[in-house]
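Asks: Here it is, the structure, as structure tokens.
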Amino acid sequence: MAMRKSLFILAGAFSLAMLSCSKEESFIEQDKFTFKANLELAGKTILDNKLSYWDGTESIAVFDDDGVKKLFEGKTATMQSSINFVEIDNSIDFKGTEYFAIYPSSAAERALYSDAKVRGVRLKREQNAVENSYDPEAHIAFANSKSNELTFLNAVSLFAFTIEGEGITEVRISSNAEGEYLAGVFEYDYANKSSSITSEQSLSVSVKGNFENGKTYYAAVLPCNFSAGLSIDTFKNGEVGKKKSSSKAFNLSRNRIVDLGTVSYEATQTKTSSHNFHSPDFGLEDPVKNPGGPVYKNDGPTVEGEVKWYLNVSFGEPLYYWKTWGLQIGVGWHSNAAFHVQGMNLWTDDISGQIKSVSIATSDSDEIDNSEVYVLVNGVQFGEKETLSNLMTKYTFSDGTLPSGKIEIVWNTLSGGLSYYIQSVEVEYQE
């Protein structure tokens, strides 16, 4: 078990039942370093003056001001506002005079401390559904003290939502603007009580589990400025439902609760947009008397229904060939390096739905692994990078995030002397 809510300041129409606390259980052990840990006190702006509480077996990580880390464990009967944490390993000495604590200790496995900042704390992107609560490992709080008494302050805020309907297995909350991250590995500044994400950035947080109709659940997120609002996706049997989205801007500071209201699952229609490349794509015409001969680029789009694909290539001399298996771009084996392709991308912004997968049939001209292909959606990598074969291969990219926006297929040349071939492109999306 772990520390739970509800110390958060309300930011939306939301309420919780009043919680009661049981008497603190003292278990201080002789000759062991001990901290007394309190929770952030409720101010007059806290709805119903509620407090957080400790519950079950808890653990914290504590640094001294020399950067030495120790783990401490506390045990409660149930729902206590203050407990004692005792060191697990008394062979580790604290040499400093000031202490910097992190709850829970699992979030601080890779953490390092220096100069009143702790780096490497992780708020996980995928969180477990807990009825009328949230994943205890996603509640991250910090304390700073020059004594053996710690008062923890929340680094995160909560989104509350109530389930409407049966069979929902995941609720995903996403920011609508690039760079506005909700989870990841972050740095916490004890002096300013602020956090900043440094790696493993995620634009979304998912709560997963067997949700019950009419019950309320919570997602923990880091403070964020939602300049373009947020979106909510619900999943049932692995399938995403219709996106619920708001473009209203708001700022979410730490220690707040925002009520997102009810969420339900509404089935969507999956569609596919595909195209096999052929003349006159990209404005390239096959010479009548010399089929398969050289042609040159006129910078025109290829049109497949309402979807236009554009091709941008980086090389000195724009030389193209139509082959029976697709379009050849450049001549990698030519003695003139101007015909070698340094890289290229194929892109469209004409598909407005949620992207489930992107497939490209392509190859390069060399048996050596010296090029790769990957996909960006709205500027964010979608799926994993693939190493290109010199045999025509269909590569499919998907990572379950269901993003929307501009789709770019990127070929990256890792060494010189290459040409590329493209045969077809396919996008599966939901409206």
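Scheme for the structure tokens: letters A, B, ... for chains in order shown; per-chain residue numbers from 1; ligand numbers from 1 in order shown.
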Write out as JSON, numbers by chain which residues come within 10 Å of segment 317-334 of chain A when counting only C-alpha atoms, dropping same-chain ones fewer than 3 positions away.
Replies: {"A": [276, 277, 278, 279, 280, 281, 284, 285, 286, 287, 291, 292, 293, 294, 295, 296, 297, 298, 313, 314, 337, 338, 339, 340, 341, 342, 344, 361, 362, 363, 364, 365, 366, 392, 416, 417, 418, 419, 420, 421, 422, 423, 424]}
Asks: Residues near Ile168 of chain A, anyone? I mean within 6 Å using only C-alpha atoms, not counting same-chain ones fewer than 6 positions away, as a PDB file with all heavy atoms, in the first residue's frame.
Replies:
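Saved as selection_26.pdb:
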ATOM      1  N   PHE A 211     -12.185  -0.759 -15.096  1.00  0.00           N
ATOM      2  CA  PHE A 211     -12.965   0.348 -14.560  1.00  0.00           C
ATOM      3  C   PHE A 211     -14.407  -0.085 -14.301  1.00  0.00           C
ATOM      4  O   PHE A 211     -14.976  -0.867 -15.063  1.00  0.00           O
ATOM      5  CB  PHE A 211     -12.967   1.522 -15.533  1.00  0.00           C
ATOM      6  CG  PHE A 211     -11.609   2.146 -15.727  1.00  0.00           C
ATOM      7  CD1 PHE A 211     -10.805   1.772 -16.795  1.00  0.00           C
ATOM      8  CD2 PHE A 211     -11.142   3.112 -14.858  1.00  0.00           C
ATOM      9  CE1 PHE A 211      -9.562   2.344 -16.986  1.00  0.00           C
ATOM     10  CE2 PHE A 211      -9.904   3.696 -15.029  1.00  0.00           C
ATOM     11  CZ  PHE A 211      -9.105   3.308 -16.100  1.00  0.00           C
ATOM     12  N   PHE A 235     -10.485   3.436 -24.173  1.00  0.00           N
ATOM     13  CA  PHE A 235     -10.241   2.182 -24.870  1.00  0.00           C
ATOM     14  C   PHE A 235     -11.141   1.095 -24.321  1.00  0.00           C
ATOM     15  O   PHE A 235     -11.393   1.019 -23.117  1.00  0.00           O
ATOM     16  CB  PHE A 235      -8.783   1.755 -24.708  1.00  0.00           C
ATOM     17  CG  PHE A 235      -7.791   2.649 -25.388  1.00  0.00           C
ATOM     18  CD1 PHE A 235      -7.471   3.882 -24.847  1.00  0.00           C
ATOM     19  CD2 PHE A 235      -7.185   2.263 -26.575  1.00  0.00           C
ATOM     20  CE1 PHE A 235      -6.547   4.714 -25.463  1.00  0.00           C
ATOM     21  CE2 PHE A 235      -6.270   3.079 -27.198  1.00  0.00           C
ATOM     22  CZ  PHE A 235      -5.945   4.304 -26.647  1.00  0.00           C
ATOM     23  N   LYS A 236     -11.581   0.232 -25.235  1.00  0.00           N
ATOM     24  CA  LYS A 236     -12.411  -0.915 -24.870  1.00  0.00           C
ATOM     25  C   LYS A 236     -11.956  -2.094 -25.719  1.00  0.00           C
ATOM     26  O   LYS A 236     -11.942  -2.000 -26.951  1.00  0.00           O
ATOM     27  CB  LYS A 236     -13.890  -0.591 -25.126  1.00  0.00           C
ATOM     28  CG  LYS A 236     -14.871  -1.622 -24.624  1.00  0.00           C
ATOM     29  CD  LYS A 236     -16.296  -1.109 -24.829  1.00  0.00           C
ATOM     30  CE  LYS A 236     -17.328  -2.058 -24.264  1.00  0.00           C
ATOM     31  NZ  LYS A 236     -18.708  -1.538 -24.412  1.00  0.00           N
TER      32      LYS A 236
END
Asks: Of the residues A:Asn210, A:Glu126, A:Tyr217, A:Val373, which is the one nearest to Leu182 of chain A, using only C-alpha atoms?
Replies: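 For Leu182 of chain A, the nearest of the given residues is A:Glu126.
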Asks: Considering only strand (DSSP E or B) as DSSP defines it on the backbone, what residues of segment 209-341 of chain A qualify? List them as a PyMOL selection string.
Replies: chain A and resi 216-221+224-226+230-236+239-240+244-246+250-252+256-263+270-276+294-296+302-304+307-314+319-323+326-329
Asks: For Phe161 of chain A, which of A:Tyr218, A:Tyr113, A:Tyr181, A:Phe142 is the closest residue, counting only C-alpha atoms?
Replies: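 Looking at the shortest contact to Phe161 of chain A, the residue is A:Tyr218.
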Asks: Would you pick out the contacts of segment 87-104 of chain A at 9 Å or less, using only C-alpha atoms, so that residues sharing its chain but fewer than 4 positions from it are not included, and give the list as an mmCIF file with N, CA, C and O atoms, in the first residue's frame?
Replies:
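The file below, out.cif, is the result:
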data_model
loop_
_atom_site.group_PDB
_atom_site.id
_atom_site.type_symbol
_atom_site.label_atom_id
_atom_site.label_comp_id
_atom_site.auth_asym_id
_atom_site.auth_seq_id
_atom_site.Cartn_x
_atom_site.Cartn_y
_atom_site.Cartn_z
ATOM 1 N N ALA A 2 0.271 2.379 -0.219
ATOM 2 C CA ALA A 2 1.088 3.584 -0.291
ATOM 3 C C ALA A 2 0.269 4.806 0.040
ATOM 4 O O ALA A 2 -0.940 4.755 0.173
ATOM 5 N N MET A 3 0.978 5.938 0.163
ATOM 6 C CA MET A 3 0.324 7.195 0.506
ATOM 7 C C MET A 3 -0.735 7.554 -0.525
ATOM 8 O O MET A 3 -0.531 7.384 -1.704
ATOM 9 N N ASP A 31 18.875 2.768 18.052
ATOM 10 C CA ASP A 31 20.103 2.869 17.260
ATOM 11 C C ASP A 31 19.849 2.912 15.765
ATOM 12 O O ASP A 31 20.713 2.531 14.978
ATOM 13 N N LYS A 32 18.693 3.341 15.373
ATOM 14 C CA LYS A 32 18.418 3.498 13.941
ATOM 15 C C LYS A 32 17.953 4.915 13.663
ATOM 16 O O LYS A 32 17.180 5.496 14.432
ATOM 17 N N PHE A 33 18.434 5.444 12.518
ATOM 18 C CA PHE A 33 18.071 6.795 12.107
ATOM 19 C C PHE A 33 16.584 6.811 11.759
ATOM 20 O O PHE A 33 16.104 5.974 11.002
ATOM 21 N N THR A 34 15.866 7.771 12.310
ATOM 22 C CA THR A 34 14.415 7.817 12.138
ATOM 23 C C THR A 34 13.951 9.208 11.736
ATOM 24 O O THR A 34 14.450 10.216 12.236
ATOM 25 N N PHE A 35 13.005 9.250 10.790
ATOM 26 C CA PHE A 35 12.327 10.497 10.429
ATOM 27 C C PHE A 35 10.858 10.394 10.807
ATOM 28 O O PHE A 35 10.222 9.346 10.616
ATOM 29 N N GLU A 58 4.994 1.940 3.808
ATOM 30 C CA GLU A 58 5.444 3.030 2.953
ATOM 31 C C GLU A 58 6.971 3.048 2.884
ATOM 32 O O GLU A 58 7.644 2.526 3.788
ATOM 33 N N SER A 59 7.511 3.670 1.843
ATOM 34 C CA SER A 59 8.964 3.807 1.758
ATOM 35 C C SER A 59 9.319 5.154 1.136
ATOM 36 O O SER A 59 8.591 5.657 0.260
ATOM 37 N N ILE A 60 10.419 5.730 1.609
ATOM 38 C CA ILE A 60 10.922 6.992 1.075
ATOM 39 C C ILE A 60 12.422 6.862 0.835
ATOM 40 O O ILE A 60 13.092 6.022 1.439
ATOM 41 N N ALA A 61 12.929 7.704 -0.062
ATOM 42 C CA ALA A 61 14.375 7.837 -0.271
ATOM 43 C C ALA A 61 14.782 9.205 0.254
ATOM 44 O O ALA A 61 14.082 10.195 0.022
ATOM 45 N N VAL A 62 15.909 9.265 0.969
ATOM 46 C CA VAL A 62 16.373 10.526 1.553
ATOM 47 C C VAL A 62 17.842 10.732 1.204
ATOM 48 O O VAL A 62 18.664 9.826 1.371
ATOM 49 N N PHE A 63 18.167 11.930 0.706
ATOM 50 C CA PHE A 63 19.545 12.335 0.456
ATOM 51 C C PHE A 63 19.998 13.278 1.565
ATOM 52 O O PHE A 63 19.201 14.087 2.062
ATOM 53 N N ASP A 64 21.278 13.181 1.969
ATOM 54 C CA ASP A 64 21.824 14.258 2.780
ATOM 55 C C ASP A 64 22.440 15.287 1.837
ATOM 56 O O ASP A 64 22.424 15.105 0.616
ATOM 57 N N ASP A 65 22.966 16.396 2.367
ATOM 58 C CA ASP A 65 23.440 17.451 1.477
ATOM 59 C C ASP A 65 24.784 17.122 0.835
ATOM 60 O O ASP A 65 25.312 17.896 0.035
ATOM 61 N N ASP A 66 25.345 15.937 1.134
ATOM 62 C CA ASP A 66 26.517 15.442 0.420
ATOM 63 C C ASP A 66 26.123 14.512 -0.725
ATOM 64 O O ASP A 66 26.983 13.983 -1.426
ATOM 65 N N GLY A 67 24.813 14.291 -0.905
ATOM 66 C CA GLY A 67 24.330 13.435 -1.984
ATOM 67 C C GLY A 67 24.247 11.965 -1.639
ATOM 68 O O GLY A 67 24.021 11.128 -2.520
ATOM 69 N N VAL A 68 24.417 11.610 -0.361
ATOM 70 C CA VAL A 68 24.288 10.217 0.070
ATOM 71 C C VAL A 68 22.804 9.858 0.182
ATOM 72 O O VAL A 68 22.027 10.607 0.776
ATOM 73 N N LYS A 69 22.421 8.718 -0.388
ATOM 74 C CA LYS A 69 21.012 8.318 -0.383
ATOM 75 C C LYS A 69 20.795 7.122 0.548
ATOM 76 O O LYS A 69 21.556 6.162 0.543
ATOM 77 N N LYS A 70 19.722 7.218 1.347
ATOM 78 C CA LYS A 70 19.295 6.106 2.202
ATOM 79 C C LYS A 70 17.812 5.848 1.967
ATOM 80 O O LYS A 70 17.042 6.760 1.660
ATOM 81 N N LEU A 71 17.429 4.585 2.130
ATOM 82 C CA LEU A 71 16.023 4.204 2.045
ATOM 83 C C LEU A 71 15.458 4.016 3.446
ATOM 84 O O LEU A 71 16.121 3.464 4.328
ATOM 85 N N PHE A 72 14.220 4.470 3.624
ATOM 86 C CA PHE A 72 13.539 4.377 4.915
ATOM 87 C C PHE A 72 12.176 3.731 4.701
ATOM 88 O O PHE A 72 11.540 3.913 3.656
ATOM 89 N N GLU A 73 11.728 3.011 5.720
ATOM 90 C CA GLU A 73 10.439 2.329 5.646
ATOM 91 C C GLU A 73 9.573 2.715 6.838
ATOM 92 O O GLU A 73 10.060 2.847 7.961
ATOM 93 N N ALA A 108 12.517 7.191 -7.184
ATOM 94 C CA ALA A 108 13.858 7.762 -7.046
ATOM 95 C C ALA A 108 14.960 6.730 -7.268
ATOM 96 O O ALA A 108 16.098 6.935 -6.843
ATOM 97 N N TYR A 113 21.344 13.569 -6.239
ATOM 98 C CA TYR A 113 21.132 14.870 -5.626
ATOM 99 C C TYR A 113 22.399 15.715 -5.657
ATOM 100 O O TYR A 113 23.504 15.221 -5.443
ATOM 101 N N ALA A 116 20.746 21.383 -4.034
ATOM 102 C CA ALA A 116 19.313 21.559 -3.743
ATOM 103 C C ALA A 116 18.407 21.115 -4.887
ATOM 104 O O ALA A 116 17.262 21.545 -4.982
ATOM 105 N N LYS A 117 18.940 20.241 -5.742
ATOM 106 C CA LYS A 117 18.130 19.695 -6.827
ATOM 107 C C LYS A 117 18.324 18.188 -6.877
ATOM 108 O O LYS A 117 19.417 17.681 -6.653
ATOM 109 N N VAL A 118 17.248 17.482 -7.149
ATOM 110 C CA VAL A 118 17.337 16.046 -7.341
ATOM 111 C C VAL A 118 16.970 15.743 -8.789
ATOM 112 O O VAL A 118 15.976 16.257 -9.319
ATOM 113 N N VAL A 121 14.210 11.679 -11.172
ATOM 114 C CA VAL A 121 12.947 11.187 -10.595
ATOM 115 C C VAL A 121 11.985 10.883 -11.740
ATOM 116 O O VAL A 121 11.909 11.639 -12.709
ATOM 117 N N PRO A 136 -0.605 4.592 -6.297
ATOM 118 C CA PRO A 136 0.265 5.179 -5.274
ATOM 119 C C PRO A 136 1.680 5.442 -5.763
ATOM 120 O O PRO A 136 2.351 6.348 -5.264
ATOM 121 N N GLU A 137 2.169 4.676 -6.737
ATOM 122 C CA GLU A 137 3.505 4.921 -7.276
ATOM 123 C C GLU A 137 3.559 6.172 -8.143
ATOM 124 O O GLU A 137 4.642 6.644 -8.487
ATOM 125 N N ALA A 138 2.394 6.696 -8.512
ATOM 126 C CA ALA A 138 2.361 7.909 -9.339
ATOM 127 C C ALA A 138 2.223 9.168 -8.496
ATOM 128 O O ALA A 138 2.292 10.274 -9.028
ATOM 129 N N HIS A 139 2.009 8.993 -7.182
ATOM 130 C CA HIS A 139 1.951 10.166 -6.315
ATOM 131 C C HIS A 139 3.367 10.483 -5.856
ATOM 132 O O HIS A 139 3.963 9.750 -5.066
ATOM 133 N N ILE A 140 3.941 11.578 -6.348
ATOM 134 C CA ILE A 140 5.327 11.925 -6.021
ATOM 135 C C ILE A 140 5.332 13.197 -5.189
ATOM 136 O O ILE A 140 4.726 14.207 -5.552
ATOM 137 N N ALA A 141 6.020 13.121 -4.038
ATOM 138 C CA ALA A 141 6.084 14.253 -3.123
ATOM 139 C C ALA A 141 7.516 14.404 -2.612
ATOM 140 O O ALA A 141 8.298 13.449 -2.604
ATOM 141 N N PHE A 142 7.838 15.627 -2.186
ATOM 142 C CA PHE A 142 9.201 15.949 -1.749
ATOM 143 C C PHE A 142 9.164 16.661 -0.399
ATOM 144 O O PHE A 142 8.218 17.383 -0.083
ATOM 145 N N ALA A 143 10.232 16.446 0.378
ATOM 146 C CA ALA A 143 10.363 17.119 1.665
ATOM 147 C C ALA A 143 11.817 17.547 1.850
ATOM 148 O O ALA A 143 12.739 16.882 1.387
ATOM 149 N N ASN A 144 12.009 18.645 2.562
ATOM 150 C CA ASN A 144 13.338 19.191 2.830
ATOM 151 C C ASN A 144 13.379 19.652 4.283
ATOM 152 O O ASN A 144 12.483 20.359 4.744
ATOM 153 N N SER A 145 14.413 19.224 5.040
ATOM 154 C CA SER A 145 14.464 19.560 6.453
ATOM 155 C C SER A 145 15.895 19.513 6.967
ATOM 156 O O SER A 145 16.735 18.784 6.434
ATOM 157 N N LYS A 146 16.154 20.296 8.039
ATOM 158 C CA LYS A 146 17.434 20.234 8.743
ATOM 159 C C LYS A 146 17.299 19.464 10.059
ATOM 160 O O LYS A 146 18.239 19.425 10.847
ATOM 161 N N SER A 147 16.151 18.868 10.258
ATOM 162 C CA SER A 147 15.913 18.048 11.441
ATOM 163 C C SER A 147 15.407 16.685 10.999
ATOM 164 O O SER A 147 15.380 16.380 9.812
ATOM 165 N N ASN A 148 14.968 15.883 11.956
ATOM 166 C CA ASN A 148 14.450 14.561 11.602
ATOM 167 C C ASN A 148 12.935 14.573 11.420
ATOM 168 O O ASN A 148 12.278 13.543 11.522
ATOM 169 N N LEU A 150 9.989 15.600 8.631
ATOM 170 C CA LEU A 150 9.777 15.891 7.214
ATOM 171 C C LEU A 150 8.316 16.217 6.955
ATOM 172 O O LEU A 150 7.422 15.522 7.445
ATOM 173 N N PHE A 152 6.005 16.559 3.664
ATOM 174 C CA PHE A 152 6.029 16.309 2.230
ATOM 175 C C PHE A 152 5.071 17.234 1.477
ATOM 176 O O PHE A 152 3.929 17.446 1.898
ATOM 177 N N TYR A 190 14.272 21.917 -4.948
ATOM 178 C CA TYR A 190 13.703 22.058 -3.609
ATOM 179 C C TYR A 190 13.520 23.522 -3.219
ATOM 180 O O TYR A 190 12.579 23.878 -2.510
#
Asks: Enter the distance from atom CA of Arg122 of chain A to atom CA of Phe186 of chain A, in Å, rounded to one decimal.
Replies: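 Value for the atom CA of Arg122 of chain A-atom CA of Phe186 of chain A distance: 6.2 Å.
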